[in-house]
Each structure stands twice: as structure tokens, then as C-alpha cells.
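Accompanying notes for the structure given below.
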Amino acid sequence: MDPGEKALEQLYRERYARFRDGLATVTGSYDTAHDIVQDAFAHALVKRKGFRGEGSLEGWVWRIAFRLAVKERGRGARGLDAAEPTVVDPQRDPELAAALQQLPARKRLIVFLHYFADLSYGEIAEMTGVSLGTVKSRIHRGRLALRALLADRMELFRG
């Protein structure tokens with residue numbers, strides 16, 4: 001087993017759940033996300049010599065997985081414009097699911113990747129190809145928008 005293969009195996013073992021949970025928000029299904037994670041790592045394994053080390057290995061695999069997830073959605077658009085992240089189980093918290101759906105798709109994607117996939121700002125920037133400042137701004141603005149959309153609900157917890 002070469003070093004690239006070992007690194008991918010370790011990444012898979014340590015981060016599988018993060019990949020699956022993050023991609024489920026794009027695909028709408030944990031089962032489909034599981035399949036995409038499998039495909040993304042298989043692709044990365046085959047193409048590992050093509051990883052030039054310009055970013056992190058995890059970011060490279062995220063980009064592969066994200067492209068596969070968007071392709072699975074069957075959208076005509078590509079990249080951030082094609083992602084329509086959604087809460088996988090909206091019945092758990094319908095108010096939050098509805099509020100999240102009101103965010104613009106690009107902002108929603110970045111909010112989902114941070115809060116649902118637990119990715120850092122840097123990981124999101126690397127995965128999506130947007131600047132770190134843009135990621136920070138979209139998360140901040142997304143949080144403010146959600147706070148406003150859920151204001152009535154928040155009052156219940158304060159009082």
C-alpha cells in the first residue's frame with residue numbers, strides 16, 4: 001500500500017460520517033450520500049497520483065464528492081449554483097427546516113457545510129472554491145438571517 005492509499009484510507013476511516021452527513025444535505029438522502037462517499041473515495045484512490053498537494057487531501061476529496069453529489073441531483077447547473085441543500089429529516093424540526101430553505105442556495109450550502117457537516121471555514125473555502133472571507137461572510141449573514149426568521153421561537157427560550 002503506497003502512502004497516498006494509506007492517507008486516503010485513514011481519511012475515510014476518520015471522516016466518513018462528516019462526508020456522509022454533509023453530502024446528505026445536497027442529495028436529500030443518507031443512503032445516496034453513503035453511495036457518493038464510496039464513489040468519491042474510489043475515484044480519489046484511482047486518481048491519487050493526480051493530487052498535486054495544492055490544498056489538503058480532505059479538501060480534494062470533498063471537491064470530488066461534491067461534484068458527484070451535484071451530478072446525482074441531476075441539475076443542469078454546476079458547482080455552487082447546482083447545490084440545493086436541504087434538511088434530510090425536516091419533520092425533526094420543521095421551523096428550522098423552513099427557515100433554512102428561505103436562505104439563498106449558496107449561503108444555505110455554506111451554512112449546511114459548517115453546521116451540519118462540521119467543516120471549518122478553511123475546509124469549506126477549499127471545497128467550494130470561494131474565498132475564506134466569503135465563507136465567513138455567508139456564515140455570519142446566514143446566522144443573522146436565521147436568527148431573524150426564528151425570532152419568535154427564540155423568545156420562548158428567553159422568557
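Chain lettering (A, B, ...) mirrors the order of the C-alpha cells, residue numbering begins at 1 for each chain separately, and ligand numbering begins at 1 in order of display.
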
(Q) Could you pull out the alpha helix (DSSP H) residues of region 62-128 of chain A, going by DSSP on the backbone, and write them as an MDAnalysis selection string? (A) chainID A and resid 62:73 94:101 105:115 121:128

Any idea what's packed within 9 Å of region 11-20 of chain A, counting only C-alpha atoms, ignoring anything in its chain fewer than 3 positions away? Could you give it as number ranges by chain?
-> A: 6-8, 23-25, 30-37, 41, 57-58, 62, 65, 116-119

Residue neighbourhood Met127 (chain A), 8 Å, only C-alpha atoms, exclusion window fewer than 4 positions, as number ranges by chain: A: 59-60, 62-63, 66, 123

Selected residues written out with N, CA, C and O atoms, as a short mmCIF file (atom, residue, chain, number, x, y, z; two decimals), in the first residue's frame:
data_model
loop_
_atom_site.label_atom_id
_atom_site.label_comp_id
_atom_site.auth_asym_id
_atom_site.auth_seq_id
_atom_site.Cartn_x
_atom_site.Cartn_y
_atom_site.Cartn_z
N GLY A 59 -9.80 18.29 1.39
CA GLY A 59 -10.45 19.25 0.50
C GLY A 59 -10.58 18.73 -0.91
O GLY A 59 -11.61 18.94 -1.57
N TRP A 60 -9.56 18.03 -1.37
CA TRP A 60 -9.59 17.45 -2.72
C TRP A 60 -10.69 16.40 -2.82
O TRP A 60 -11.47 16.38 -3.78
N TRP A 62 -13.34 16.22 -0.88
CA TRP A 62 -14.61 16.92 -0.77
C TRP A 62 -15.05 17.46 -2.13
O TRP A 62 -16.22 17.38 -2.49
N ARG A 63 -14.12 18.04 -2.88
CA ARG A 63 -14.48 18.57 -4.20
C ARG A 63 -14.98 17.45 -5.12
O ARG A 63 -15.97 17.62 -5.84
N PHE A 66 -18.44 16.43 -3.77
CA PHE A 66 -19.43 17.48 -4.02
C PHE A 66 -19.88 17.44 -5.48
O PHE A 66 -21.08 17.51 -5.78
N GLU A 123 -11.91 24.61 5.39
CA GLU A 123 -12.31 23.42 4.63
C GLU A 123 -13.42 23.76 3.64
O GLU A 123 -13.42 23.29 2.51
#

Spatial neighbours of region 89-101 of chain A, max dist 12 Å, only C-alpha atoms, sep filter under 4 positions, as a ChimeraX atom specification: /A:21,24-25,28-30,84-85,105-112,115-116,142-154

> Between A:Leu68, A:Glu5, A:Val135, A:Gln10, which has the minimum distance to Phe51 (chain A) (counting only C-alpha atoms)?
Replying inline: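 Of all the options, A:Glu5 lies closest to Phe51 (chain A).
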
Min atom-atom distance to Lys71 (chain A) from the set A:Leu45, A:Val26, A:Val87, A:Met1, counting only C-alpha atoms, belongs to A:Val26
